[in-house]
Structure formats: structure tokens, C-alpha cells
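Shown here: structure35.txt, compact mmCIF, C-alpha atoms.
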```
# COMPACT_ATOMS: atom_id res chain seq x y z
CA MET G 358 0.00 0.00 0.00
CA THR G 359 1.48 3.33 -1.04
CA ASP G 360 1.75 6.32 1.30
CA LEU G 361 -1.21 8.06 -0.40
CA GLU G 362 -3.41 4.97 -0.03
CA THR G 363 -2.38 4.67 3.63
CA LEU G 364 -3.18 8.35 4.20
CA LYS G 365 -6.56 7.97 2.48
CA ALA G 366 -7.48 4.88 4.49
CA ASP G 367 -6.53 6.61 7.74
CA ALA G 368 -8.44 9.76 6.84
CA LEU G 369 -11.62 7.94 5.80
CA THR G 370 -11.53 5.75 8.91
CA ARG G 371 -11.14 8.71 11.26
CA ILE G 372 -13.84 10.70 9.45
CA ASP G 373 -16.27 7.80 9.68
CA ALA G 374 -15.54 7.49 13.41
CA ALA G 375 -16.15 11.23 14.16
CA SER G 376 -18.87 11.46 16.79
CA ASP G 377 -19.88 15.11 16.50
CA ALA G 378 -19.47 18.27 14.46
CA ALA G 379 -16.56 19.54 16.57
CA ALA G 380 -14.52 16.36 16.01
CA LEU G 381 -15.33 16.47 12.30
CA GLU G 382 -14.16 20.07 12.03
CA ALA G 383 -10.90 19.17 13.74
CA LEU G 384 -10.31 16.45 11.11
CA ARG G 385 -11.07 18.87 8.30
CA VAL G 386 -8.45 21.27 9.61
CA ALA G 387 -5.96 18.38 10.10
CA PHE G 388 -6.29 17.17 6.51
CA LEU G 389 -7.44 20.14 4.40
CA GLY G 390 -6.53 23.18 6.48
CA LYS G 391 -3.70 25.52 5.48
CA GLN G 392 -1.29 23.43 7.56
CA GLY G 393 -3.09 20.15 6.91
CA THR G 394 -1.50 16.91 5.69
CA ILE G 395 -3.12 16.88 2.25
CA SER G 396 -2.57 20.62 1.81
CA ALA G 397 1.14 20.00 2.46
CA LEU G 398 1.19 17.35 -0.27
CA MET G 399 -0.40 19.81 -2.69
CA LYS G 400 2.40 22.26 -1.96
CA THR G 401 5.04 19.66 -2.88
CA LEU G 402 3.83 19.64 -6.46
CA GLY G 403 5.58 22.95 -7.02
CA GLY G 404 8.98 21.34 -6.50
CA MET G 405 8.43 18.45 -8.89
CA SER G 406 9.50 18.15 -12.51
CA PRO G 407 6.74 18.41 -15.14
CA GLU G 408 6.81 14.68 -15.66
CA GLU G 409 6.49 13.92 -11.92
CA ARG G 410 3.78 16.55 -11.50
CA GLN G 411 1.81 15.02 -14.37
CA THR G 412 1.89 11.67 -12.61
CA GLU G 413 1.45 12.70 -8.94
CA ALA G 414 -0.94 15.65 -9.22
CA PRO G 415 -4.01 13.58 -10.21
CA LYS G 416 -3.36 11.20 -7.33
CA ILE G 417 -3.03 13.94 -4.71
CA GLN G 418 -6.02 15.87 -6.13
CA GLY G 419 -8.06 12.66 -6.14
CA LEU G 420 -7.14 12.09 -2.50
CA ARG G 421 -8.14 15.63 -1.61
CA THR G 422 -11.49 15.22 -3.40
CA GLU G 423 -12.28 11.91 -1.70
CA VAL G 424 -11.47 13.29 1.75
CA ALA G 425 -13.54 16.44 1.11
CA ASP G 426 -16.49 14.34 -0.10
CA ALA G 427 -16.18 12.08 2.96
CA LEU G 428 -16.18 15.12 5.26
CA ALA G 429 -19.29 16.54 3.55
CA ALA G 430 -21.12 13.23 3.70
CA LYS G 431 -20.28 12.76 7.38
CA LYS G 432 -21.42 16.31 8.16
CA ASP G 433 -24.79 15.63 6.51
CA ALA G 434 -25.09 12.37 8.44
CA LEU G 435 -24.34 14.05 11.79
CA GLU G 436 -26.82 16.88 11.12
CA GLY G 437 -29.47 14.37 10.09
CA ALA G 438 -28.92 12.34 13.24
CA GLU G 439 -29.14 15.51 15.37
CA LEU G 440 -32.41 16.48 13.68
CA GLU G 441 -33.86 13.02 14.24
CA ALA G 442 -32.92 13.19 17.91
CA ARG G 443 -34.60 16.61 18.26
CA LEU G 444 -37.71 15.39 16.49
CA ALA G 445 -37.86 12.43 18.84
CA SER G 446 -37.43 14.52 22.00
CA GLU G 447 -39.15 17.81 21.11
CA THR G 448 -42.75 16.79 20.66
CA LEU G 449 -45.60 19.25 20.12
CA ASP G 450 -49.04 18.58 21.54
CA LEU G 451 -51.42 20.22 19.07
CA THR G 452 -54.29 19.86 21.54
CA LEU G 453 -52.70 22.36 23.94
CA PRO G 454 -53.79 26.03 23.75
CA ALA G 455 -51.44 28.42 21.99
CA PRO G 456 -49.08 30.36 24.25
CA ALA G 457 -50.36 33.76 25.28
CA ALA G 458 -49.19 36.53 22.99
CA PRO G 459 -47.45 39.50 24.62
CA LYS G 460 -49.90 42.32 25.25
CA GLY G 461 -49.52 45.91 26.28
CA SER G 462 -51.41 47.78 28.95
CA VAL G 463 -53.03 51.16 29.35
CA HIS G 464 -50.98 53.55 31.48
CA PRO G 465 -52.73 54.57 34.73
CA VAL G 466 -52.65 58.23 33.66
CA SER G 467 -54.49 57.42 30.43
CA GLN G 468 -56.96 55.25 32.34
CA VAL G 469 -57.68 57.96 34.89
CA MET G 470 -58.08 60.52 32.09
CA ASP G 471 -60.76 58.27 30.58
CA GLU G 472 -62.42 57.80 33.97
CA LEU G 473 -62.57 61.56 34.52
CA ALA G 474 -63.94 62.20 31.05
CA GLU G 475 -66.65 59.58 31.65
CA ILE G 476 -67.67 61.13 34.98
CA PHE G 477 -67.78 64.72 33.76
CA ALA G 478 -69.53 63.78 30.54
CA ASP G 479 -72.35 62.45 32.72
CA LEU G 480 -72.43 65.86 34.43
CA GLY G 481 -72.76 67.66 31.11
CA PHE G 482 -69.15 68.76 30.68
CA SER G 483 -67.32 68.63 27.35
CA VAL G 484 -63.57 68.13 26.90
CA ALA G 485 -61.52 71.12 25.71
CA THR G 486 -57.87 71.13 24.65
CA GLY G 487 -55.27 73.73 23.82
CA PRO G 488 -51.58 74.16 22.92
CA GLU G 489 -48.87 73.08 25.33
CA ILE G 490 -46.63 75.93 24.13
CA GLU G 491 -48.42 79.07 25.28
CA ASP G 492 -47.90 82.81 25.30
CA ASP G 493 -47.69 84.60 28.63
CA TRP G 494 -50.97 86.47 28.04
CA HIS G 495 -53.08 83.30 27.98
CA ASN G 496 -50.96 81.57 30.64
CA PHE G 497 -50.67 84.48 33.10
CA THR G 498 -52.11 87.91 32.22
CA ALA G 499 -55.62 86.76 31.23
CA LEU G 500 -55.73 84.78 34.48
CA ASN G 501 -55.15 87.93 36.54
CA MET G 502 -51.43 87.31 37.06
CA ALA G 503 -49.56 90.52 36.37
CA GLU G 504 -46.00 90.68 35.07
CA THR G 505 -44.66 90.97 38.62
CA HIS G 506 -46.56 87.89 39.85
CA PRO G 507 -44.26 85.22 41.44
CA ALA G 508 -45.67 82.52 39.18
CA ARG G 509 -43.71 84.05 36.29
CA ALA G 510 -40.36 83.49 38.03
CA MET G 511 -37.73 81.58 36.08
CA HIS G 512 -37.30 78.99 38.83
CA ASP G 513 -40.71 77.39 38.22
CA THR G 514 -41.49 78.24 34.60
CA PHE G 515 -39.92 76.98 31.35
CA TYR G 516 -39.62 79.97 29.02
CA PHE G 517 -38.54 79.93 25.38
CA PRO G 518 -36.01 82.49 24.12
CA ASP G 519 -38.31 83.62 21.28
CA VAL G 520 -41.57 85.60 21.28
CA ASP G 521 -44.74 85.35 19.20
CA ALA G 522 -45.88 87.70 16.43
CA GLU G 523 -47.29 90.11 19.01
CA GLY G 524 -44.08 90.21 21.04
CA ARG G 525 -45.38 88.03 23.86
CA ARG G 526 -43.02 85.62 25.60
CA MET G 527 -43.55 81.92 24.93
CA LEU G 528 -43.39 79.16 27.51
CA LEU G 529 -44.46 75.62 28.29
CA ARG G 530 -47.84 76.06 29.94
CA THR G 531 -47.75 75.77 33.72
CA HIS G 532 -51.42 74.72 33.98
CA THR G 533 -54.32 73.99 31.66
CA SER G 534 -56.07 77.22 32.67
CA PRO G 535 -55.18 78.88 29.32
CA VAL G 536 -57.62 76.41 27.75
CA GLN G 537 -60.37 78.01 29.86
CA ILE G 538 -59.51 81.48 28.50
CA ARG G 539 -59.37 80.24 24.92
CA SER G 540 -62.69 78.41 25.32
CA MET G 541 -64.46 81.44 26.77
CA VAL G 542 -63.10 83.71 24.03
CA GLU G 543 -64.03 81.29 21.25
CA GLN G 544 -67.32 79.88 22.58
CA GLY G 545 -68.66 82.58 24.83
CA ALA G 546 -71.11 81.69 27.60
CA PRO G 547 -72.67 79.60 29.01
CA ILE G 548 -69.89 77.04 29.08
CA ARG G 549 -69.15 73.83 30.95
CA ILE G 550 -65.79 72.21 30.16
CA ILE G 551 -62.96 70.15 31.55
CA ALA G 552 -59.41 70.73 30.29
CA PRO G 553 -57.12 67.73 30.76
CA GLY G 554 -53.52 67.66 29.54
CA ARG G 555 -49.79 67.87 30.20
CA VAL G 556 -48.33 70.84 32.07
CA TYR G 557 -44.77 71.81 32.97
CA ARG G 558 -43.09 73.28 36.05
CA SER G 559 -39.48 73.20 37.23
CA ASP G 560 -40.04 70.89 40.18
CA SER G 561 -38.89 67.34 40.87
CA ASP G 562 -39.15 64.96 43.86
CA ALA G 563 -41.14 61.87 44.87
CA THR G 564 -44.46 63.70 44.42
CA HIS G 565 -43.52 66.29 41.77
CA THR G 566 -42.08 66.02 38.26
CA PRO G 567 -41.18 68.71 35.70
CA MET G 568 -43.95 67.38 33.47
CA PHE G 569 -47.21 66.14 34.91
CA HIS G 570 -50.90 65.87 34.04
CA GLN G 571 -53.65 68.14 35.20
CA ILE G 572 -57.37 68.43 34.71
CA GLU G 573 -59.24 71.67 35.27
CA GLY G 574 -62.94 72.35 35.19
CA LEU G 575 -64.80 75.53 34.32
CA VAL G 576 -68.47 76.46 34.52
CA ILE G 577 -69.71 79.85 33.35
CA ASP G 578 -73.42 80.60 33.62
CA LYS G 579 -75.84 82.91 35.36
CA GLY G 580 -76.23 82.79 39.12
CA ILE G 581 -73.31 80.45 39.79
CA HIS G 582 -72.05 80.27 43.40
CA LEU G 583 -69.88 78.16 45.74
CA GLY G 584 -72.75 75.75 46.41
CA HIS G 585 -72.64 74.62 42.78
CA LEU G 586 -68.88 74.12 43.06
CA LYS G 587 -69.12 72.05 46.25
CA TRP G 588 -71.86 69.79 44.84
CA THR G 589 -69.92 69.24 41.60
CA LEU G 590 -66.72 68.31 43.44
CA GLU G 591 -68.53 65.97 45.85
CA THR G 592 -70.32 64.23 42.99
CA PHE G 593 -67.11 63.93 40.99
CA LEU G 594 -64.99 62.55 43.85
CA LYS G 595 -67.65 60.08 44.99
CA ALA G 596 -67.91 58.71 41.45
CA PHE G 597 -64.14 58.61 40.92
CA PHE G 598 -63.20 56.92 44.22
CA GLU G 599 -66.43 54.88 44.15
CA ARG G 600 -67.29 55.73 47.74
CA GLU G 601 -70.34 57.50 49.13
CA ASP G 602 -68.57 58.53 52.35
CA ILE G 603 -66.33 61.18 50.70
CA VAL G 604 -66.36 64.25 52.97
CA LEU G 605 -65.00 67.61 51.82
CA ARG G 606 -63.67 70.54 53.81
CA LEU G 607 -63.34 73.88 52.02
CA ARG G 608 -60.62 76.18 53.40
CA PRO G 609 -60.23 79.83 52.36
CA SER G 610 -57.19 80.31 50.17
CA TYR G 611 -55.85 82.61 47.46
CA PHE G 612 -55.61 82.15 43.72
CA PRO G 613 -55.37 85.18 41.45
CA PHE G 614 -57.91 83.75 39.00
CA THR G 615 -60.66 82.99 41.56
CA GLU G 616 -62.33 85.11 44.25
CA PRO G 617 -63.27 83.73 46.70
CA SER G 618 -60.78 80.85 46.49
CA VAL G 619 -60.87 77.60 48.45
CA GLU G 620 -58.53 74.68 49.00
CA VAL G 621 -60.47 71.42 49.03
CA ASP G 622 -59.50 68.88 51.70
CA VAL G 623 -60.79 65.31 51.75
CA GLY G 624 -61.15 63.05 54.77
CA TRP G 625 -58.94 59.96 54.84
CA GLN G 626 -57.72 57.12 57.04
CA ASP G 627 -54.73 54.79 57.13
CA VAL G 628 -55.61 51.27 55.95
CA GLY G 629 -52.71 48.82 55.98
CA GLY G 630 -50.16 51.59 55.58
CA ARG G 631 -52.01 53.16 52.67
CA ARG G 632 -54.00 56.38 52.64
CA VAL G 633 -57.60 55.64 51.73
CA LEU G 634 -60.00 58.50 51.10
CA GLY G 635 -63.33 58.40 52.88
CA GLY G 636 -64.96 59.47 56.11
CA ASP G 637 -64.89 62.68 58.11
CA GLY G 638 -61.36 63.97 58.61
CA ASP G 639 -62.23 65.00 62.18
CA ALA G 640 -63.33 61.49 63.15
CA PRO G 641 -61.00 59.38 65.36
CA GLY G 642 -58.22 57.80 63.32
CA HIS G 643 -58.94 60.04 60.35
CA GLY G 644 -57.31 63.14 58.94
CA TRP G 645 -57.66 65.78 56.25
CA MET G 646 -55.70 65.76 53.01
CA GLU G 647 -55.45 68.72 50.65
CA LEU G 648 -56.53 67.47 47.23
CA LEU G 649 -57.28 70.35 44.89
CA GLY G 650 -57.76 74.07 44.48
CA SER G 651 -60.90 75.84 43.33
CA GLY G 652 -63.04 78.93 43.62
CA VAL G 653 -65.43 81.36 41.99
CA VAL G 654 -63.96 82.78 38.78
CA ASN G 655 -62.49 86.23 39.36
CA ARG G 656 -64.40 89.09 37.69
CA ARG G 657 -61.22 90.25 35.96
CA VAL G 658 -60.75 86.84 34.33
CA ILE G 659 -64.31 86.98 32.98
CA GLU G 660 -63.60 90.47 31.63
CA PHE G 661 -60.35 89.35 30.01
CA ALA G 662 -62.38 86.66 28.20
CA GLY G 663 -64.69 89.34 26.79
CA LEU G 664 -67.71 88.54 28.97
CA ASP G 665 -69.73 90.76 31.29
CA PRO G 666 -69.08 89.69 34.93
CA ASP G 667 -72.36 91.33 36.03
CA VAL G 668 -74.22 88.85 33.84
CA TRP G 669 -72.00 85.78 33.91
CA GLN G 670 -70.46 84.06 36.93
CA GLY G 671 -68.65 80.79 37.25
CA PHE G 672 -66.47 78.42 39.22
CA ALA G 673 -63.24 76.64 38.37
CA PHE G 674 -61.14 73.88 39.90
CA GLY G 675 -57.92 72.04 39.14
CA VAL G 676 -56.34 68.79 40.29
CA GLY G 677 -53.35 66.67 39.27
CA VAL G 678 -54.35 63.55 37.32
CA ASP G 679 -51.20 61.76 38.47
CA ARG G 680 -52.08 62.57 42.10
CA LEU G 681 -55.56 61.13 41.66
CA ALA G 682 -54.09 57.95 40.17
CA MET G 683 -51.64 57.61 43.07
CA LEU G 684 -54.39 57.97 45.67
CA LYS G 685 -56.82 55.61 43.96
CA TYR G 686 -54.44 52.85 42.89
CA GLY G 687 -51.80 52.93 45.61
CA MET G 688 -48.65 54.27 43.91
CA ASP G 689 -46.24 56.08 46.20
CA ASP G 690 -43.66 57.64 43.84
CA LEU G 691 -44.70 59.90 40.99
CA ARG G 692 -41.38 59.42 39.19
CA ALA G 693 -42.25 55.79 38.45
CA PHE G 694 -45.06 57.05 36.18
CA PHE G 695 -42.47 58.16 33.63
CA ASP G 696 -39.66 55.59 34.06
CA GLY G 697 -41.09 53.27 31.40
CA ASP G 698 -40.43 50.19 33.56
CA GLY G 699 -42.33 47.28 32.01
CA ARG G 700 -42.72 45.57 35.39
CA TRP G 701 -44.39 48.66 36.88
CA LEU G 702 -46.68 48.99 33.87
CA SER G 703 -47.54 45.31 34.01
CA HIS G 704 -48.53 45.65 37.67
CA TYR G 705 -50.40 48.96 37.55
CA GLY G 706 -51.52 48.99 33.91
CA PHE G 707 -55.03 48.34 32.64
CA SER G 708 -56.37 46.10 29.94
CA PRO G 709 -57.15 47.94 26.69
CA PHE G 710 -60.63 46.40 26.97
CA ASP G 711 -61.22 47.82 30.46
CA GLN G 712 -63.17 50.88 29.39
CA PRO G 713 -64.49 52.92 32.34
CA THR G 714 -68.25 53.26 32.55
CA LEU G 715 -70.42 54.64 35.30
CA SER G 716 -72.64 51.56 35.29
CA ALA G 717 -69.74 49.10 35.65
CA GLY G 718 -67.59 51.29 37.89
CA VAL G 719 -65.09 53.72 36.41
CA GLY G 720 -62.22 52.04 38.23
CA ALA G 721 -62.92 48.41 37.32
CA ARG G 722 -59.62 46.55 37.01
CA ALA G 723 -58.83 43.87 34.45
```
Please express what this file holds, its structure, as C-alpha cells.
Amino acid sequence: MTDLETLKADALTRIDAASDAAALEALRVAFLGKQGTISALMKTLGGMSPEERQTEAPKIQGLRTEVADALAAKKDALEGAELEARLASETLDLTLPAPAAPKGSVHPVSQVMDELAEIFADLGFSVATGPEIEDDWHNFTALNMAETHPARAMHDTFYFPDVDAEGRRMLLRTHTSPVQIRSMVEQGAPIRIIAPGRVYRSDSDATHTPMFHQIEGLVIDKGIHLGHLKWTLETFLKAFFEREDIVLRLRPSYFPFTEPSVEVDVGWQDVGGRRVLGGDGDAPGHGWMELLGSGVVNRRVIEFAGLDPDVWQGFAFGVGVDRLAMLKYGMDDLRAFFDGDGRWLSHYGFSPFDQPTLSAGVGARA
């Protein structure tokens, strides 16, 4: 047996005995790699005479072809055996239900926005919207906040460097109250609206963020007084928190756009370490929590909107949507609302099919 025949027999035997793809690859490198045995033989052809090359080249090339074919055949055999093993072990029961597809959830802020819209629609309110980039006249002046008012300070307001066509400074709105001005100017009176949306203030901690959500309400009609405001807020909060024992306390306060102005406190109690609204705040074990601001619309604001304050009166209120969500659904850090953590959203989120209705309960969870 010549050396080439011995080499071929050895190569074919070892290839046939390879047990896995890694062993087969090692043999390929050993025989056909750049430093392989057969590759070395191919290199020797360059040092032979033409006559020798004519005789030896077909033999060496034939050896190389046979070994390459044997490697390819063994690779196919190993892959086929691996597939058969997988088919035997990885069975599929077609009678089992399909795995659940990933699904998203409705953010608590969006859910609460829908709940509020449902409640106030039942009370005859419509939803009004406006631009988030405002001019200082709609954001401050028309709401009875003069140029020297502290609310215009740089530390709590995001101003833009440019001005509008009328030379007014532009800013990210600090509340949705400008929507009230725009609605009164465009629609006149009577009017009954809520204005939900994003607002911006330079403030950040566990209960404040530079961007948050607010909803404000406005009623303009004839003969409006604080009694109408109190009834509206009681009805709204009882429907939202789904409790009939909501008790309000109105404290005198100051807002430039309302006169008189009142802070609205709500009775609460500690239940398992969580604040739960309900009951009289003066009862044993209870307390009062400030929830929102409100009041009778200031005469100057009505005048700025082009209405006669001797004919038309109104009330307004405003509350943070994020704050309402925290109180109702037990979140304790406002910053988590905007972190985008899928685990948080999975826990606190709502099903897209969980549409709030007054008949089923605006806060029904999926």
C-alpha cells in the first residue's frame, strides 16, 4: 500500500468514526486546512519536474477530493442524526392552547383621564384642549397674574427664548387654565368644560415632576355660586373613588384667578399603611388631606375673556391627574409614572378592553 493509499485509508476511517461536528471540524483542519497533511502534499507539487507533476498531481487531487467528499457526507449524516434526535425529544401537543401573545397595557394616567372624562360627561361637561406651548398672556395675564406675579419666576417656569408675532413671551404652559380662556373667548357663555392635559413646572421629587398631568374644570353661567362648586366636586370625587362617604372641607385660600378661592380637603384614614380616602377627617383615626384648588372665577378673568361679569359668573377647579391615580391605585412615587419600567406597567396597567363606565364602575380593574 502506497503512502497516499495509507493516508486515504486513515483519513476515511477517522472521518467515519467522528462522533460530533466539533470532532469532524478538527479532522477537516488536520487534513485540508492551510497546515493540513493533504494541503502540504499539494504544496510539494511545485517542486516536482513536469513529468512527476503530471503523474502525482491527479493522485493527490483525487485524495483531496475523496477526503472532502467524505467530510461533507459525514457532516450531513451528523446533522441528520441531530435532527432526528430533536424530532424524537421535542414533541408538540397540538391539543394544547397556543401560548399567550405579549400584550400591552393602558398607562394609569391614560386610564384615569378616561375615567374623569366619563364622569364629567355624565355631568354635562365637554372636553376642551389647547396648545402646550403658550404665550404669557393666555398663561398668566388673562388669568389675573400681572408681570410681577411670582408665578412668572424663572425657577418654576420653562420659558422659550423667542416671542410670538405680538411680542409676547412663549413658555411651556404651567397649567391647563389657558384652555379656559381660549374656550371662553371662542365659545362665549354659558360654558361647561374640563381641560385635561400635560403641564410643565421646574419641580422634581417623589411627588412632583417637571412634566405632569392636570385636569381643570370651568363652569360659566348665570347665578353660579360656591354651592354649585361644592356639589360638583362631591359628585365627581364620589364617582371617581367609588365611595359615598367622601367628605369635603373647604378652606379659604388665594388664587389670582378665583375670588373667593378655596382649597379642598378630603377626609382619609390609614388602611394597611395606605392612605384611603373616605370618612370625616375629624373622626377618630382620620385626617384631612389637601386634594385640589378651586373657587369662583375672578371678575377680571371673565372680563379678560370678553364677557360681562355682572351677567356671567362661574367656578373653576384644578387637580393633578397623576395625584388622583396615586391615591386611587396605591402608587407612592410619581417618578415611576415616567420611568417606562415594564414591570411597573404590568402591575399597575389596565387592559385595553377595560373601558371605564359609570354603570360598571369607572375604576374596574382587568
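Computed from the coordinates, the CA of Ala546 in chain G to CA of Leu664 in chain G distance equals 7.8 Å.
Interatomic distance, CA of Arg530 in chain G to CA of Phe707 in chain G: 28.8 Å.
Contact shell of Ile476 in chain G at 7 Å (all atoms listed in the file; same-chain neighbours under 3 positions omitted): G:Glu472, G:Leu473, G:Asp479, G:Leu480, G:Phe593, G:Ala596.
Going from CA of Ala425 in chain G over to CA of Ser406 in chain G, you cover 26.8 Å.
The nearest approach to Trp669 in chain G among the residues G:Arg539, G:Lys460, G:Arg656, G:Lys432, with only C-alpha atoms taken into account, belongs to G:Arg656.
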Within 12 Å of file point (-64.0, 60.1, 32.5), counting only C-alpha atoms, expressed as an MDAnalysis selection string: chainID G and resid 466:484 551:553 572 593:594 596:597 678 712:715 718:720
Write out as a JSON list (two decimals) with C-alpha atoms, keeping the file's coordinate frame each polymer residue whose atoms come within 12 Å of Ala503 in chain G, counting all atoms listed in the file; drop sequence neighbours fewer than 3 positions from it.
```json
[["chain", "number", "residue", "atom", "x", "y", "z"],
["G", 493, "ASP", "CA", -47.69, 84.60, 28.63],
["G", 494, "TRP", "CA", -50.97, 86.47, 28.04],
["G", 495, "HIS", "CA", -53.08, 83.30, 27.98],
["G", 496, "ASN", "CA", -50.96, 81.57, 30.64],
["G", 497, "PHE", "CA", -50.67, 84.48, 33.10],
["G", 498, "THR", "CA", -52.11, 87.91, 32.22],
["G", 499, "ALA", "CA", -55.62, 86.76, 31.23],
["G", 500, "LEU", "CA", -55.73, 84.78, 34.48],
["G", 506, "HIS", "CA", -46.56, 87.89, 39.85],
["G", 507, "PRO", "CA", -44.26, 85.22, 41.44],
["G", 508, "ALA", "CA", -45.67, 82.52, 39.18],
["G", 509, "ARG", "CA", -43.71, 84.05, 36.29],
["G", 510, "ALA", "CA", -40.36, 83.49, 38.03],
["G", 613, "PRO", "CA", -55.37, 85.18, 41.45],
["G", 614, "PHE", "CA", -57.91, 83.75, 39.00],
["G", 657, "ARG", "CA", -61.22, 90.25, 35.96],
["G", 658, "VAL", "CA", -60.75, 86.84, 34.33]]
```
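Residue nearest Leu648 in chain G within the list G:Pro518, G:Gly663, G:Gly677, G:Gly671: G:Gly677 [criterion: smallest interatomic distance, all atoms listed in the file].
Distance check against Leu634 in chain G using all atoms listed in the file: of G:Phe672, G:Phe661, G:Phe569, G:Tyr686, the minimum falls on G:Tyr686.
Distance check against His582 in chain G using all atoms listed in the file: of G:Val654, G:Val628, G:Leu420, G:Leu702, the minimum falls on G:Val654.
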- Task: May I have the protein, DNA and RNA residues with any atom at most 10 Å from the point (-40.7, 50.8, 41.0), counting all atoms listed in the file, written as a list of chain:residue names?
- Result: G:Met688, G:Asp689, G:Asp690, G:Leu691, G:Arg692, G:Ala693, G:Phe694, G:Asp696, G:Gly697, G:Asp698, G:Gly699, G:Arg700, G:Trp701, G:Leu702, G:His704
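The nearest approach to Leu586 in chain G among the residues G:Glu620, G:Glu408, G:Glu436, G:Glu413, with all atoms listed in the file taken into account, belongs to G:Glu620.
Residues in contact with Glu491 in chain G at 10 Å, where all atoms listed in the file are counted and same-chain residues fewer than 2 positions away are skipped, are listed as Gly487, Pro488, Glu489, Asp493, Trp494, His495, Asn496, Phe497, Tyr516, Phe517, Asp521, Arg525, Arg526, Met527, Leu528, Leu529, Arg530, Thr531, Pro535 and Val536 of chain G.
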Leaving out Leu607 in chain G and any residue of its chain fewer than 5 positions from it, which residues lie within 12 Å of it when counting all atoms listed in the file, given as a PyMOL selection string?
chain G and resi 583-584+586-588+590-591+617-624+645-652
N, CA and C atoms are needed for range 388-402 of chain G; please write them out as a PDB file, in the coordinates of the input.
```pdb
ATOM      1  N   PHE G 388      -6.582  17.685   7.863  1.00  0.00           N
ATOM      2  CA  PHE G 388      -6.290  17.170   6.510  1.00  0.00           C
ATOM      3  C   PHE G 388      -6.289  18.272   5.448  1.00  0.00           C
ATOM      4  N   LEU G 389      -7.277  19.185   5.495  1.00  0.00           N
ATOM      5  CA  LEU G 389      -7.440  20.140   4.400  1.00  0.00           C
ATOM      6  C   LEU G 389      -7.165  21.583   4.790  1.00  0.00           C
ATOM      7  N   GLY G 390      -6.860  21.831   6.058  1.00  0.00           N
ATOM      8  CA  GLY G 390      -6.530  23.180   6.480  1.00  0.00           C
ATOM      9  C   GLY G 390      -5.237  23.673   5.843  1.00  0.00           C
ATOM     10  N   LYS G 391      -4.919  24.938   6.082  1.00  0.00           N
ATOM     11  CA  LYS G 391      -3.700  25.520   5.480  1.00  0.00           C
ATOM     12  C   LYS G 391      -2.457  24.733   5.871  1.00  0.00           C
ATOM     13  N   GLN G 392      -2.434  24.217   7.094  1.00  0.00           N
ATOM     14  CA  GLN G 392      -1.290  23.430   7.560  1.00  0.00           C
ATOM     15  C   GLN G 392      -1.603  21.938   7.569  1.00  0.00           C
ATOM     16  N   GLY G 393      -2.673  21.531   6.894  1.00  0.00           N
ATOM     17  CA  GLY G 393      -3.090  20.150   6.910  1.00  0.00           C
ATOM     18  C   GLY G 393      -2.185  19.232   6.097  1.00  0.00           C
ATOM     19  N   THR G 394      -2.340  17.929   6.335  1.00  0.00           N
ATOM     20  CA  THR G 394      -1.500  16.910   5.690  1.00  0.00           C
ATOM     21  C   THR G 394      -1.650  16.927   4.174  1.00  0.00           C
ATOM     22  N   ILE G 395      -2.879  16.916   3.693  1.00  0.00           N
ATOM     23  CA  ILE G 395      -3.120  16.880   2.250  1.00  0.00           C
ATOM     24  C   ILE G 395      -2.733  18.214   1.608  1.00  0.00           C
ATOM     25  N   SER G 396      -2.979  19.312   2.325  1.00  0.00           N
ATOM     26  CA  SER G 396      -2.570  20.620   1.810  1.00  0.00           C
ATOM     27  C   SER G 396      -1.052  20.680   1.650  1.00  0.00           C
ATOM     28  N   ALA G 397      -0.325  20.035   2.569  1.00  0.00           N
ATOM     29  CA  ALA G 397       1.140  20.000   2.460  1.00  0.00           C
ATOM     30  C   ALA G 397       1.582  19.227   1.234  1.00  0.00           C
ATOM     31  N   LEU G 398       0.876  18.122   0.937  1.00  0.00           N
ATOM     32  CA  LEU G 398       1.190  17.350  -0.270  1.00  0.00           C
ATOM     33  C   LEU G 398       0.960  18.179  -1.533  1.00  0.00           C
ATOM     34  N   MET G 399      -0.123  18.973  -1.522  1.00  0.00           N
ATOM     35  CA  MET G 399      -0.400  19.810  -2.690  1.00  0.00           C
ATOM     36  C   MET G 399       0.727  20.798  -2.927  1.00  0.00           C
ATOM     37  N   LYS G 400       1.315  21.296  -1.831  1.00  0.00           N
ATOM     38  CA  LYS G 400       2.400  22.260  -1.960  1.00  0.00           C
ATOM     39  C   LYS G 400       3.661  21.628  -2.555  1.00  0.00           C
ATOM     40  N   THR G 401       3.834  20.318  -2.353  1.00  0.00           N
ATOM     41  CA  THR G 401       5.040  19.660  -2.880  1.00  0.00           C
ATOM     42  C   THR G 401       5.042  19.567  -4.396  1.00  0.00           C
ATOM     43  N   LEU G 402       3.903  19.737  -5.004  1.00  0.00           N
ATOM     44  CA  LEU G 402       3.830  19.640  -6.460  1.00  0.00           C
ATOM     45  C   LEU G 402       4.649  20.735  -7.140  1.00  0.00           C
TER      46      LEU G 402
END
```
